[in-house]
>>> print(open('work.cif').read())   # mmCIF, C-alpha atoms (C1' of nucleotides)
data_structure
loop_
_atom_site.label_atom_id
_atom_site.label_comp_id
_atom_site.auth_asym_id
_atom_site.auth_seq_id
_atom_site.Cartn_x
_atom_site.Cartn_y
_atom_site.Cartn_z
CA MET N 138 -12.46 30.82 -8.43
CA ALA N 139 -9.85 28.11 -8.99
CA THR N 140 -7.61 29.94 -6.58
CA SER N 141 -5.54 27.06 -5.36
CA GLN N 142 -1.92 26.44 -6.21
CA PHE N 143 -2.30 22.78 -5.31
CA ASP N 144 -2.51 20.24 -8.16
CA LEU N 145 -4.70 17.40 -7.00
CA ASP N 146 -4.50 15.48 -10.28
CA SER N 147 -0.78 14.92 -9.84
CA CYS N 148 -1.03 14.20 -6.11
CA ILE N 149 0.32 10.75 -5.27
CA MET N 150 -2.71 10.11 -3.07
CA CYS N 151 -5.00 10.36 -6.11
CA ILE N 152 -2.73 8.46 -8.43
CA THR N 153 -2.43 5.49 -6.10
CA SER N 154 -6.10 5.61 -5.23
CA ARG N 155 -7.17 5.32 -8.85
CA SER N 156 -4.52 2.85 -9.87
CA SER N 157 -5.00 0.52 -6.93
CA LYS N 158 -8.76 0.45 -7.57
CA LEU N 159 -8.14 -0.32 -11.24
CA PHE N 160 -5.46 -2.97 -10.67
CA ALA N 161 -7.44 -4.69 -7.92
CA SER N 162 -10.54 -4.79 -10.12
CA LYS N 163 -8.67 -6.14 -13.15
CA PHE N 164 -6.79 -8.68 -11.07
CA ASN N 165 -10.07 -9.88 -9.61
CA ASP N 166 -11.39 -10.24 -13.16
CA ALA N 167 -8.29 -12.22 -14.12
CA LEU N 168 -8.82 -14.60 -11.19
CA ALA N 169 -12.57 -14.94 -11.66
CA PRO N 170 -12.25 -18.13 -13.81
CA MET N 171 -10.59 -19.78 -10.79
CA GLY N 172 -13.52 -18.93 -8.53
CA ILE N 173 -11.38 -16.98 -6.09
CA ASN N 174 -10.86 -13.32 -5.38
CA ARG N 175 -7.79 -11.19 -4.95
CA SER N 176 -7.39 -11.24 -1.17
CA ALA N 177 -8.07 -14.97 -0.87
CA TRP N 178 -5.55 -15.56 -3.62
CA MET N 179 -2.93 -13.46 -1.87
CA ALA N 180 -3.51 -15.51 1.26
CA LEU N 181 -2.98 -18.77 -0.65
CA TYR N 182 0.18 -17.33 -2.19
CA TYR N 183 1.78 -16.43 1.12
CA ILE N 184 0.70 -19.65 2.84
CA ASP N 185 2.40 -21.51 0.01
CA GLN N 186 5.54 -19.45 0.53
CA GLN N 187 5.52 -20.27 4.23
CA ALA N 188 3.58 -23.30 5.42
CA LYS N 189 2.26 -23.17 9.01
CA ILE N 190 2.25 -19.37 8.88
CA ARG N 191 0.43 -17.68 11.74
CA GLN N 192 -2.81 -15.91 10.85
CA ARG N 193 -1.40 -12.68 12.29
CA ASP N 194 1.76 -12.81 10.18
CA LEU N 195 -0.29 -13.52 7.11
CA ALA N 196 -2.43 -10.46 7.73
CA ASP N 197 0.75 -8.37 8.03
CA LEU N 198 2.11 -9.76 4.76
CA ILE N 199 -1.12 -9.01 2.91
CA GLY N 200 -1.41 -5.63 4.58
CA ILE N 201 -4.84 -5.99 6.17
CA THR N 202 -6.03 -6.01 9.78
CA GLY N 203 -6.57 -9.07 11.97
CA PRO N 204 -10.37 -8.92 11.82
CA SER N 205 -10.26 -8.68 8.02
CA MET N 206 -8.06 -11.77 7.98
CA VAL N 207 -10.58 -13.78 10.01
CA LYS N 208 -13.20 -13.76 7.28
CA ILE N 209 -10.73 -14.78 4.60
CA VAL N 210 -9.32 -17.63 6.70
CA ASN N 211 -12.82 -18.88 7.53
CA GLN N 212 -13.81 -18.89 3.88
CA LEU N 213 -10.63 -20.59 2.67
CA SER N 214 -11.04 -23.19 5.39
CA ALA N 215 -14.71 -23.74 4.52
CA ASP N 216 -13.64 -24.21 0.89
CA ASP N 217 -11.05 -26.81 1.99
CA LEU N 218 -8.23 -24.80 0.46
CA ILE N 219 -6.33 -24.47 3.76
CA THR N 220 -6.10 -26.25 7.09
CA VAL N 221 -6.11 -24.35 10.37
CA ALA N 222 -4.26 -25.87 13.33
CA VAL N 223 -3.71 -24.56 16.84
CA SER N 224 -0.03 -24.03 17.50
CA ALA N 225 1.46 -26.33 20.16
CA LYS N 226 3.96 -23.66 21.17
CA ASP N 227 1.42 -20.86 21.51
CA ARG N 228 -2.15 -21.97 21.84
CA ARG N 229 -3.39 -18.48 20.91
CA ALA N 230 -1.95 -18.86 17.44
CA ARG N 231 -3.52 -20.55 14.41
CA LEU N 232 -1.15 -22.09 11.88
CA LEU N 233 -2.29 -22.10 8.27
CA THR N 234 -1.26 -24.62 5.61
CA LEU N 235 -2.48 -25.30 2.08
CA THR N 236 -4.50 -28.44 1.40
CA PRO N 237 -3.78 -30.36 -1.81
CA ALA N 238 -6.81 -28.57 -3.29
CA GLY N 239 -5.33 -25.24 -2.24
CA GLU N 240 -1.96 -26.10 -3.74
CA ASP N 241 -3.64 -27.15 -6.93
CA LEU N 242 -5.74 -24.00 -7.20
CA LEU N 243 -2.72 -21.82 -6.54
CA ALA N 244 -0.58 -23.67 -9.09
CA ARG N 245 -3.25 -23.30 -11.74
CA SER N 246 -3.68 -19.59 -11.03
CA ILE N 247 -0.04 -18.55 -10.98
CA PRO N 248 0.06 -18.26 -14.78
CA LEU N 249 -2.92 -15.90 -14.63
CA ALA N 250 -1.11 -13.69 -12.12
CA GLU N 251 2.08 -13.75 -14.15
CA ALA N 252 0.17 -12.86 -17.33
CA PHE N 253 -1.49 -10.00 -15.48
CA ARG N 254 1.86 -8.66 -14.31
CA GLN N 255 3.34 -8.87 -17.79
CA GLN N 256 0.39 -7.16 -19.42
CA VAL N 257 0.33 -4.29 -16.92
CA THR N 258 4.08 -3.66 -17.15
CA ALA N 259 4.29 -4.12 -20.91
CA GLY N 260 6.59 -1.64 -22.62
CA ILE N 261 8.02 -0.24 -19.39
CA PRO N 262 11.81 -0.45 -18.94
CA GLN N 263 12.97 -2.39 -15.89
CA ALA N 264 14.90 0.66 -14.70
CA ASP N 265 11.65 2.63 -14.51
CA LEU N 266 9.92 -0.16 -12.60
CA ASP N 267 12.84 -0.20 -10.16
CA THR N 268 12.57 3.56 -9.73
CA LEU N 269 8.87 3.21 -9.05
CA ASP N 270 9.47 0.58 -6.38
CA ARG N 271 12.12 2.67 -4.70
CA VAL N 272 10.11 5.91 -4.80
CA MET N 273 6.97 4.25 -3.48
CA ASP N 274 8.95 2.74 -0.60
CA GLN N 275 10.37 6.15 0.25
CA MET N 276 6.97 7.86 0.13
CA MET N 277 5.38 5.19 2.30
CA ALA N 278 8.20 5.58 4.80
CA ASN N 279 7.66 9.36 4.73
CA ALA N 280 3.90 8.95 5.20
CA ASN N 281 4.42 6.63 8.14
CA THR N 282 6.16 9.39 10.03
CA LEU N 283 3.10 11.64 9.83
CA MET F 175 6.18 -25.83 -1.26
CA ALA F 176 6.89 -22.28 -2.39
CA THR F 177 6.83 -23.50 -5.95
CA SER F 178 5.82 -20.30 -7.68
CA GLN F 179 8.07 -18.13 -9.78
CA PHE F 180 5.76 -15.16 -9.25
CA ASP F 181 6.86 -12.41 -6.83
CA LEU F 182 3.76 -10.97 -5.25
CA ASP F 183 5.62 -8.53 -2.98
CA SER F 184 6.92 -6.61 -5.97
CA CYS F 185 3.64 -6.79 -7.89
CA ILE F 186 2.30 -3.35 -8.70
CA MET F 187 -1.16 -4.42 -7.57
CA CYS F 188 0.13 -4.97 -4.03
CA ILE F 189 2.31 -1.90 -3.95
CA THR F 190 -0.51 0.44 -4.97
CA SER F 191 -2.99 -1.33 -2.72
CA ARG F 192 -0.86 -0.77 0.37
CA SER F 193 0.26 2.73 -0.54
CA SER F 194 -3.17 4.01 -1.48
CA LYS F 195 -4.59 2.71 1.79
CA LEU F 196 -1.78 4.41 3.71
CA PHE F 197 -1.95 7.72 1.84
CA ALA F 198 -5.74 7.92 2.02
CA SER F 199 -5.66 7.25 5.75
CA LYS F 200 -2.94 9.83 6.42
CA PHE F 201 -4.60 12.42 4.21
CA ASN F 202 -7.85 11.89 6.08
CA ASP F 203 -5.94 12.45 9.32
CA ALA F 204 -4.45 15.64 7.90
CA LEU F 205 -7.91 16.96 6.98
CA ALA F 206 -9.56 15.89 10.24
CA PRO F 207 -9.05 19.32 11.89
CA MET F 208 -11.19 20.82 9.10
CA GLY F 209 -14.07 18.45 9.84
CA ILE F 210 -14.06 17.02 6.34
CA ASN F 211 -12.88 13.78 4.79
CA ARG F 212 -10.81 12.99 1.76
CA SER F 213 -13.52 12.40 -0.83
CA ALA F 214 -15.59 15.42 0.23
CA TRP F 215 -12.45 17.52 0.08
CA MET F 216 -11.64 16.29 -3.41
CA ALA F 217 -15.16 17.22 -4.48
CA LEU F 218 -14.75 20.76 -3.11
CA TYR F 219 -11.40 21.04 -4.89
CA TYR F 220 -12.79 20.13 -8.30
CA ILE F 221 -15.94 22.22 -7.91
CA ASP F 222 -13.68 25.16 -7.15
CA GLN F 223 -11.68 24.43 -10.30
CA GLN F 224 -14.88 24.35 -12.35
CA ALA F 225 -17.99 26.05 -11.00
CA LYS F 226 -21.34 24.62 -12.18
CA ILE F 227 -19.72 21.25 -12.80
CA ARG F 228 -22.14 18.40 -13.41
CA GLN F 229 -22.37 15.76 -10.70
CA ARG F 230 -21.47 13.11 -13.28
CA ASP F 231 -18.34 14.91 -14.45
CA LEU F 232 -17.26 15.43 -10.87
CA ALA F 233 -17.57 11.71 -10.17
CA ASP F 234 -15.39 11.01 -13.20
CA LEU F 235 -12.76 13.48 -12.02
CA ILE F 236 -12.62 11.96 -8.55
CA GLY F 237 -12.71 8.46 -9.98
CA ILE F 238 -15.79 7.12 -8.21
CA THR F 239 -19.18 5.89 -9.43
CA GLY F 240 -22.38 7.91 -9.72
CA PRO F 241 -24.04 6.37 -6.67
CA SER F 242 -20.95 7.06 -4.56
CA MET F 243 -21.10 10.67 -5.71
CA VAL F 244 -24.73 11.05 -4.64
CA LYS F 245 -23.95 10.62 -0.96
CA ILE F 246 -21.05 13.05 -1.06
CA VAL F 247 -23.11 15.70 -2.87
CA ASN F 248 -26.00 15.28 -0.44
CA GLN F 249 -23.70 15.70 2.54
CA LEU F 250 -21.86 18.71 1.12
CA SER F 251 -25.19 20.31 0.28
CA ALA F 252 -26.60 19.57 3.75
CA ASP F 253 -23.47 21.18 5.23
CA ASP F 254 -24.04 24.27 3.05
CA LEU F 255 -20.66 23.88 1.41
CA ILE F 256 -22.10 23.60 -2.10
CA THR F 257 -25.28 24.55 -3.97
CA VAL F 258 -27.04 22.14 -6.29
CA ALA F 259 -29.01 23.54 -9.22
CA VAL F 260 -30.93 21.80 -11.99
CA SER F 261 -29.38 22.60 -15.34
CA ALA F 262 -31.59 24.66 -17.65
CA LYS F 263 -30.07 23.02 -20.69
CA ASP F 264 -30.48 19.45 -19.46
CA ARG F 265 -32.94 18.97 -16.68
CA ARG F 266 -31.43 15.60 -15.82
CA ALA F 267 -28.20 17.25 -14.79
CA ARG F 268 -27.32 18.84 -11.44
CA LEU F 269 -24.82 21.69 -11.47
CA LEU F 270 -22.61 22.07 -8.40
CA THR F 271 -21.08 25.29 -7.12
CA LEU F 272 -19.25 26.22 -3.92
CA THR F 273 -20.98 28.39 -1.36
CA PRO F 274 -18.90 31.08 0.39
CA ALA F 275 -18.57 28.63 3.29
CA GLY F 276 -17.31 25.99 0.88
CA GLU F 277 -14.80 28.39 -0.64
CA ASP F 278 -13.62 29.35 2.81
CA LEU F 279 -13.20 25.77 3.98
CA LEU F 280 -11.31 24.87 0.83
CA ALA F 281 -9.03 27.88 1.09
CA ARG F 282 -8.19 27.08 4.70
CA SER F 283 -7.48 23.43 3.90
CA ILE F 284 -5.25 23.90 0.85
CA PRO F 285 -2.17 24.49 3.04
CA LEU F 286 -2.85 21.18 4.79
CA ALA F 287 -2.97 19.37 1.46
CA GLU F 288 0.18 21.09 0.26
CA ALA F 289 1.99 20.22 3.48
CA PHE F 290 0.90 16.62 3.09
CA ARG F 291 2.23 16.50 -0.45
CA GLN F 292 5.56 17.99 0.57
CA GLN F 293 6.00 15.63 3.51
CA VAL F 294 5.21 12.53 1.46
CA THR F 295 7.54 13.47 -1.39
CA ALA F 296 10.32 14.75 0.85
CA GLY F 297 13.80 13.80 -0.34
CA ILE F 298 12.63 12.44 -3.68
CA PRO F 299 14.12 14.01 -6.83
CA GLN F 300 11.61 15.60 -9.19
CA ALA F 301 12.89 13.39 -12.00
CA ASP F 302 11.89 10.30 -10.02
CA LEU F 303 8.44 11.73 -9.32
CA ASP F 304 8.04 12.43 -13.03
CA THR F 305 9.07 8.87 -13.83
CA LEU F 306 6.54 7.57 -11.34
CA ASP F 307 3.74 9.64 -12.93
CA ARG F 308 4.64 8.47 -16.40
CA VAL F 309 4.98 4.81 -15.45
CA MET F 310 1.73 4.77 -13.53
CA ASP F 311 -0.08 6.34 -16.48
CA GLN F 312 1.34 3.68 -18.80
CA MET F 313 0.40 0.83 -16.47
CA MET F 314 -3.12 2.13 -16.04
CA ALA F 315 -3.47 2.43 -19.80
CA ASN F 316 -2.19 -1.15 -20.12
CA ALA F 317 -4.61 -2.39 -17.46
CA ASN F 318 -7.53 -0.69 -19.16
CA THR F 319 -7.00 -2.82 -22.25
CA LEU F 320 -7.52 -6.04 -20.24
"C1'" DA R 247 3.38 -17.56 42.74
"C1'" DG R 248 0.55 -13.48 41.49
"C1'" DT R 249 -0.47 -9.64 39.02
"C1'" DC R 250 -0.14 -6.81 34.99
"C1'" DA R 251 0.74 -5.93 30.31
"C1'" DA R 252 1.00 -7.70 25.71
"C1'" DT R 253 -0.50 -10.68 21.92
"C1'" DA R 254 -3.67 -13.87 18.82
"C1'" DG R 255 -7.81 -14.26 17.31
"C1'" DT R 256 -12.98 -13.26 17.31
"C1'" DT R 257 -17.25 -10.61 17.22
"C1'" DA R 258 -20.12 -6.66 16.31
"C1'" DG R 259 -20.92 -2.78 14.06
"C1'" DC R 260 -19.30 1.03 10.94
"C1'" DT R 261 -17.75 3.14 6.39
"C1'" DA R 262 -16.94 4.02 1.75
"C1'" DA R 263 -16.86 2.11 -2.00
"C1'" DC R 264 -19.34 -1.03 -5.41
"C1'" DT R 265 -23.27 -3.23 -8.79
"C1'" DA R 266 -27.91 -3.60 -10.34
"C1'" DT R 267 -31.91 -1.41 -11.14
"C1'" DC R 268 -35.14 2.36 -11.25
"C1'" DT R 269 -37.18 7.15 -13.04
"C1'" DA R 270 -36.78 11.20 -15.69
"C1'" DT R 271 -35.04 13.21 -19.50
"C1'" DT R 272 -32.53 13.76 -23.82
"C1'" DT R 273 -30.73 12.12 -28.18
"C1'" DT R 274 -30.73 9.16 -32.07
"C1'" DT R 275 -32.80 6.73 -35.63
"C1'" DG R 276 -36.05 4.25 -38.66
"C1'" DC I 178 -42.35 12.33 -35.65
"C1'" DA I 179 -42.58 8.03 -32.79
"C1'" DA I 180 -39.94 4.49 -30.86
"C1'" DA I 181 -35.68 3.04 -29.12
"C1'" DA I 182 -31.33 3.90 -27.08
"C1'" DA I 183 -28.53 6.58 -24.16
"C1'" DT I 184 -27.62 9.53 -20.17
"C1'" DA I 185 -28.11 11.81 -15.31
"C1'" DG I 186 -29.10 10.93 -11.10
"C1'" DA I 187 -31.28 8.16 -7.10
"C1'" DT I 188 -32.24 3.97 -4.43
"C1'" DA I 189 -31.44 -0.62 -2.55
"C1'" DG I 190 -28.54 -3.95 -1.37
"C1'" DT I 191 -23.65 -5.97 -1.36
"C1'" DT I 192 -18.74 -6.07 -0.35
"C1'" DA I 193 -14.22 -5.61 1.69
"C1'" DG I 194 -12.11 -3.19 4.37
"C1'" DC I 195 -11.95 -0.75 9.07
"C1'" DT I 196 -12.14 0.23 14.60
"C1'" DA I 197 -13.56 -0.97 19.21
"C1'" DA I 198 -14.18 -4.16 22.44
"C1'" DC I 199 -14.00 -8.85 23.87
"C1'" DT I 200 -11.80 -13.78 25.36
"C1'" DA I 201 -7.96 -16.71 25.84
"C1'" DT I 202 -3.34 -17.18 26.42
"C1'" DT I 203 1.41 -15.88 27.13
"C1'" DG I 204 5.38 -13.30 28.96
"C1'" DA I 205 7.41 -10.03 32.25
"C1'" DC I 206 8.15 -8.22 36.86
"C1'" DT I 207 7.82 -7.93 41.11
#
>>> encode(input="work.cif", output="structure tokens")
Amino acid sequence: MATSQFDLDSCIMCITSRSSKLFASKFNDALAPMGINRSAWMALYYIDQQAKIRQRDLADLIGITGPSMVKIVNQLSADDLITVAVSAKDRRARLLTLTPAGEDLLARSIPLAEAFRQQVTAGIPQADLDTLDRVMDQMMANANTL
Amino acid sequence: MATSQFDLDSCIMCITSRSSKLFASKFNDALAPMGINRSAWMALYYIDQQAKIRQRDLADLIGITGPSMVKIVNQLSADDLITVAVSAKDRRARLLTLTPAGEDLLARSIPLAEAFRQQVTAGIPQADLDTLDRVMDQMMANANTL
DNA sequence: AGTCAATAGTTAGCTAACTATCTATTTTTG
DNA sequence: CAAAAATAGATAGTTAGCTAACTATTGACT
């Protein structure tokens, strides 16, 4: 029949679904030599940006739920890449900090992430990248009102 | 330390990861009244566009793997929304077609999908949406060379 | 001070995708 | 034409995320 007026191929939901799957997969591949995966790497990155970050705040930064964060924190801790300390001010909270091994791993992997970013955005004018950022922000804000 | 020069927040990998999660979730919510989820709906959409589509080609259109497609096809068939027929020309292949019930469900849900699209893109100039499409295509092409 | 609501993190179990591997069939090639 | 390679789909098991429900702790309001 093909009766519909709706164009699914150009729907933002499909575009982001495919691209995020692709980018996540390729970024994982890029990090593979470091023996770490994408979400663990993002955690290291944000803990480096803000030492003694709360587990909850880290989950918010990465954009995953609390329970999803638990597994990642446990693994990073088991691998001695981070330390986990109970906050003195709020004993519910766990404060995360990089170990020297974590700092080292992150430092060695930053060039891989930067190379990934450059390769993916190759040949695209900065103005277009800015437009993309702005439009995505607007669409996410719109979606959040639904 | 915060030593890195790399800005993860503005990395396309993170932006698409968060947005695709959000859009998929909201689109699922939008379809919930129809008793169908996002991937099943996408399958119905493409089968409507092309009757007697092969299962393999449908998976490629949706952007999922063969095994992921199997479950969706089985469920749609069990729900009598599609028929599955062995191809006469290639007995390995399964040809998918909408049943009247499938056509009906799709027709009733198209307005929901169109409303979703309009709400998410509200207030965004068409030129910016075009730029986004073009830039995403280019970045995906770039990523595929990695 | 005592109760009630909110917050941080955990656990258990679910979902929707994935990879690896299998069978059946078709196509290619020596 | 027979053997080998490729393709379509199915099955089994894995993964990374999720929600719901729980404990421990804190803050707010009588």
>>> calpha_fit_and_write(input="work.cif", fixed="chain F", moving="chain N", output="compact mmCIF listing (two decimals) with C-alpha atoms, in the frame of the given file")
# COMPACT_ATOMS: atom_id res chain seq x y z
CA MET N 138 6.41 -25.71 -0.93
CA ALA N 139 7.06 -22.13 -2.06
CA THR N 140 7.07 -23.38 -5.61
CA SER N 141 6.01 -20.24 -7.37
CA GLN N 142 8.23 -18.07 -9.51
CA PHE N 143 5.87 -15.14 -9.04
CA ASP N 144 6.93 -12.36 -6.64
CA LEU N 145 3.80 -10.93 -5.09
CA ASP N 146 5.64 -8.45 -2.87
CA SER N 147 6.94 -6.57 -5.89
CA CYS N 148 3.67 -6.81 -7.82
CA ILE N 149 2.31 -3.36 -8.68
CA MET N 150 -1.15 -4.46 -7.56
CA CYS N 151 0.14 -4.95 -4.00
CA ILE N 152 2.29 -1.86 -3.96
CA THR N 153 -0.54 0.42 -5.02
CA SER N 154 -3.00 -1.33 -2.75
CA ARG N 155 -0.88 -0.73 0.33
CA SER N 156 0.24 2.74 -0.59
CA SER N 157 -3.20 4.01 -1.55
CA LYS N 158 -4.62 2.72 1.75
CA LEU N 159 -1.80 4.42 3.65
CA PHE N 160 -1.96 7.73 1.77
CA ALA N 161 -5.76 7.91 1.97
CA SER N 162 -5.66 7.23 5.71
CA LYS N 163 -2.95 9.81 6.38
CA PHE N 164 -4.62 12.39 4.18
CA ASN N 165 -7.87 11.86 6.05
CA ASP N 166 -5.95 12.40 9.29
CA ALA N 167 -4.46 15.60 7.89
CA LEU N 168 -7.93 16.90 6.99
CA ALA N 169 -9.59 15.82 10.23
CA PRO N 170 -9.06 19.24 11.92
CA MET N 171 -11.21 20.74 9.14
CA GLY N 172 -14.07 18.35 9.85
CA ILE N 173 -14.08 16.94 6.33
CA ASN N 174 -12.89 13.73 4.77
CA ARG N 175 -10.82 12.96 1.73
CA SER N 176 -13.54 12.37 -0.87
CA ALA N 177 -15.61 15.37 0.22
CA TRP N 178 -12.48 17.47 0.07
CA MET N 179 -11.66 16.27 -3.43
CA ALA N 180 -15.17 17.21 -4.48
CA LEU N 181 -14.76 20.74 -3.07
CA TYR N 182 -11.41 21.03 -4.86
CA TYR N 183 -12.79 20.16 -8.28
CA ILE N 184 -15.94 22.25 -7.85
CA ASP N 185 -13.67 25.18 -7.07
CA GLN N 186 -11.67 24.48 -10.21
CA GLN N 187 -14.84 24.43 -12.28
CA ALA N 188 -17.94 26.11 -10.90
CA LYS N 189 -21.30 24.72 -12.10
CA ILE N 190 -19.68 21.35 -12.77
CA ARG N 191 -22.10 18.52 -13.44
CA GLN N 192 -22.33 15.84 -10.76
CA ARG N 193 -21.43 13.21 -13.36
CA ASP N 194 -18.28 15.02 -14.48
CA LEU N 195 -17.24 15.48 -10.90
CA ALA N 196 -17.56 11.77 -10.24
CA ASP N 197 -15.35 11.10 -13.28
CA LEU N 198 -12.73 13.57 -12.07
CA ILE N 199 -12.63 12.01 -8.61
CA GLY N 200 -12.69 8.52 -10.07
CA ILE N 201 -15.77 7.15 -8.33
CA THR N 202 -19.14 5.94 -9.60
CA GLY N 203 -22.32 8.00 -9.91
CA PRO N 204 -24.05 6.39 -6.93
CA SER N 205 -20.99 7.01 -4.75
CA MET N 206 -21.10 10.65 -5.80
CA VAL N 207 -24.72 11.02 -4.70
CA LYS N 208 -23.94 10.54 -1.03
CA ILE N 209 -21.06 12.99 -1.10
CA VAL N 210 -23.11 15.66 -2.89
CA ASN N 211 -26.00 15.21 -0.45
CA GLN N 212 -23.70 15.59 2.53
CA LEU N 213 -21.87 18.63 1.15
CA SER N 214 -25.20 20.22 0.34
CA ALA N 215 -26.60 19.44 3.80
CA ASP N 216 -23.47 21.04 5.27
CA ASP N 217 -24.06 24.16 3.13
CA LEU N 218 -20.66 23.81 1.49
CA ILE N 219 -22.11 23.57 -2.04
CA THR N 220 -25.26 24.56 -3.89
CA VAL N 221 -27.01 22.17 -6.25
CA ALA N 222 -28.97 23.64 -9.17
CA VAL N 223 -30.85 21.95 -11.98
CA SER N 224 -29.30 22.80 -15.32
CA ALA N 225 -31.52 24.89 -17.62
CA LYS N 226 -29.97 23.28 -20.69
CA ASP N 227 -30.37 19.70 -19.50
CA ARG N 228 -32.86 19.21 -16.74
CA ARG N 229 -31.37 15.79 -15.91
CA ALA N 230 -28.14 17.43 -14.84
CA ARG N 231 -27.28 18.95 -11.45
CA LEU N 232 -24.78 21.80 -11.43
CA LEU N 233 -22.59 22.11 -8.36
CA THR N 234 -21.05 25.33 -7.03
CA LEU N 235 -19.23 26.20 -3.82
CA THR N 236 -20.98 28.34 -1.23
CA PRO N 237 -18.93 31.02 0.55
CA ALA N 238 -18.60 28.53 3.43
CA GLY N 239 -17.32 25.92 0.99
CA GLU N 240 -14.83 28.34 -0.52
CA ASP N 241 -13.65 29.28 2.92
CA LEU N 242 -13.23 25.69 4.07
CA LEU N 243 -11.34 24.80 0.91
CA ALA N 244 -9.06 27.84 1.18
CA ARG N 245 -8.22 27.00 4.77
CA SER N 246 -7.49 23.37 3.93
CA ILE N 247 -5.28 23.87 0.90
CA PRO N 248 -2.20 24.45 3.07
CA LEU N 249 -2.86 21.13 4.80
CA ALA N 250 -2.99 19.34 1.44
CA GLU N 251 0.14 21.09 0.24
CA ALA N 252 1.98 20.20 3.46
CA PHE N 253 0.88 16.60 3.04
CA ARG N 254 2.20 16.49 -0.51
CA GLN N 255 5.53 17.99 0.51
CA GLN N 256 5.98 15.64 3.42
CA VAL N 257 5.19 12.52 1.38
CA THR N 258 7.50 13.50 -1.49
CA ALA N 259 10.30 14.78 0.73
CA GLY N 260 13.76 13.84 -0.50
CA ILE N 261 12.57 12.48 -3.84
CA PRO N 262 14.04 14.07 -6.98
CA GLN N 263 11.50 15.63 -9.34
CA ALA N 264 12.78 13.42 -12.16
CA ASP N 265 11.80 10.33 -10.17
CA LEU N 266 8.35 11.73 -9.44
CA ASP N 267 7.93 12.42 -13.16
CA THR N 268 8.98 8.86 -13.96
CA LEU N 269 6.46 7.56 -11.46
CA ASP N 270 3.66 9.59 -13.02
CA ARG N 271 4.54 8.42 -16.49
CA VAL N 272 4.91 4.75 -15.53
CA MET N 273 1.66 4.71 -13.59
CA ASP N 274 -0.16 6.24 -16.56
CA GLN N 275 1.27 3.58 -18.85
CA MET N 276 0.35 0.73 -16.50
CA MET N 277 -3.19 2.03 -16.06
CA ALA N 278 -3.53 2.27 -19.83
CA ASN N 279 -2.23 -1.30 -20.12
CA ALA N 280 -4.64 -2.53 -17.44
CA ASN N 281 -7.56 -0.87 -19.16
CA THR N 282 -7.03 -3.04 -22.20
CA LEU N 283 -7.50 -6.22 -20.17
>>> resolve_selection(input="work.cif", expression="the PyMOL selection byres ((chain F) within 6 of (chain N))", output="PDB file with C-alpha atoms, keeping the file's coordinate frame")
ATOM      1  CA  MET F 175       6.180 -25.830  -1.260  1.00  0.00           C
ATOM      2  CA  ALA F 176       6.890 -22.280  -2.390  1.00  0.00           C
ATOM      3  CA  MET F 187      -1.160  -4.420  -7.570  1.00  0.00           C
ATOM      4  CA  THR F 190      -0.510   0.440  -4.970  1.00  0.00           C
ATOM      5  CA  SER F 191      -2.990  -1.330  -2.720  1.00  0.00           C
ATOM      6  CA  SER F 194      -3.170   4.010  -1.480  1.00  0.00           C
ATOM      7  CA  PHE F 197      -1.950   7.720   1.840  1.00  0.00           C
ATOM      8  CA  ASP F 222     -13.680  25.160  -7.150  1.00  0.00           C
ATOM      9  CA  GLN F 223     -11.680  24.430 -10.300  1.00  0.00           C
ATOM     10  CA  VAL F 294       5.210  12.530   1.460  1.00  0.00           C
ATOM     11  CA  THR F 295       7.540  13.470  -1.390  1.00  0.00           C
ATOM     12  CA  LEU F 306       6.540   7.570 -11.340  1.00  0.00           C
ATOM     13  CA  MET F 313       0.400   0.830 -16.470  1.00  0.00           C
ATOM     14  CA  ASN F 316      -2.190  -1.150 -20.120  1.00  0.00           C
ATOM     15  CA  ALA F 317      -4.610  -2.390 -17.460  1.00  0.00           C
TER      16      ALA F 317
END
>>> interface_residues(input="work.cif", of="chain F", to="chain I", cutoff="8 Å", atoms="all atoms listed in the file", output="PDB file with C-alpha atoms, in the frame of the given file")
ATOM      1  CA  ARG F 230     -21.470  13.110 -13.280  1.00  0.00           C
ATOM      2  CA  GLY F 240     -22.380   7.910  -9.720  1.00  0.00           C
ATOM      3  CA  PRO F 241     -24.040   6.370  -6.670  1.00  0.00           C
ATOM      4  CA  VAL F 244     -24.730  11.050  -4.640  1.00  0.00           C
ATOM      5  CA  ARG F 266     -31.430  15.600 -15.820  1.00  0.00           C
ATOM      6  CA  ALA F 267     -28.200  17.250 -14.790  1.00  0.00           C
TER       7      ALA F 267
END
>>> atom_distance(input="work.cif", atom1="CA of Met206 in chain N", atom2="CA of Asn202 in chain F")
23.7 Å
>>> atom_distance(input="work.cif", atom1="CA of Ala238 in chain N", atom2="CA of Ala177 in chain N")
13.9 Å
>>> axis_aligned_box(input="work.cif", around="range 264-274 of chain R", padding_each_side="5 Å", output="AutoDock Vina command-line options")
--center_x -28.3 --center_y 5.1 --center_z -18.7 --size_x 27.8 --size_y 27.4 --size_z 36.7
>>> resolve_selection(input="work.cif", expression="the PyMOL selection byres ((chain F and resi 268) around 9)", output="list in words")
Lys226, Ile227, Arg228, Gln229, Arg230, Val258, Ala259, Val260, Ser261, Asp264, Arg265, Arg266, Ala267, Leu269 and Leu270 of chain F; DA185 and DG186 of chain I
>>> closest_atom_pairs(input="work.cif", of="chain R", to="chain F", cutoff="9 Å", atoms="all atoms listed in the file", output="JSON lines")
{"residue": "R:DA262", "atom": "C1'", "partner": "F:Ser242", "partner_atom": "CA", "distance": 8.1}
{"residue": "R:DA263", "atom": "C1'", "partner": "F:Ser242", "partner_atom": "CA", "distance": 6.9}
{"residue": "R:DC264", "atom": "C1'", "partner": "F:Thr239", "partner_atom": "CA", "distance": 8.0}
{"residue": "R:DA270", "atom": "C1'", "partner": "F:Arg266", "partner_atom": "CA", "distance": 6.9}
{"residue": "R:DT271", "atom": "C1'", "partner": "F:Arg266", "partner_atom": "CA", "distance": 5.7}
{"residue": "R:DT272", "atom": "C1'", "partner": "F:Asp264", "partner_atom": "CA", "distance": 7.5}
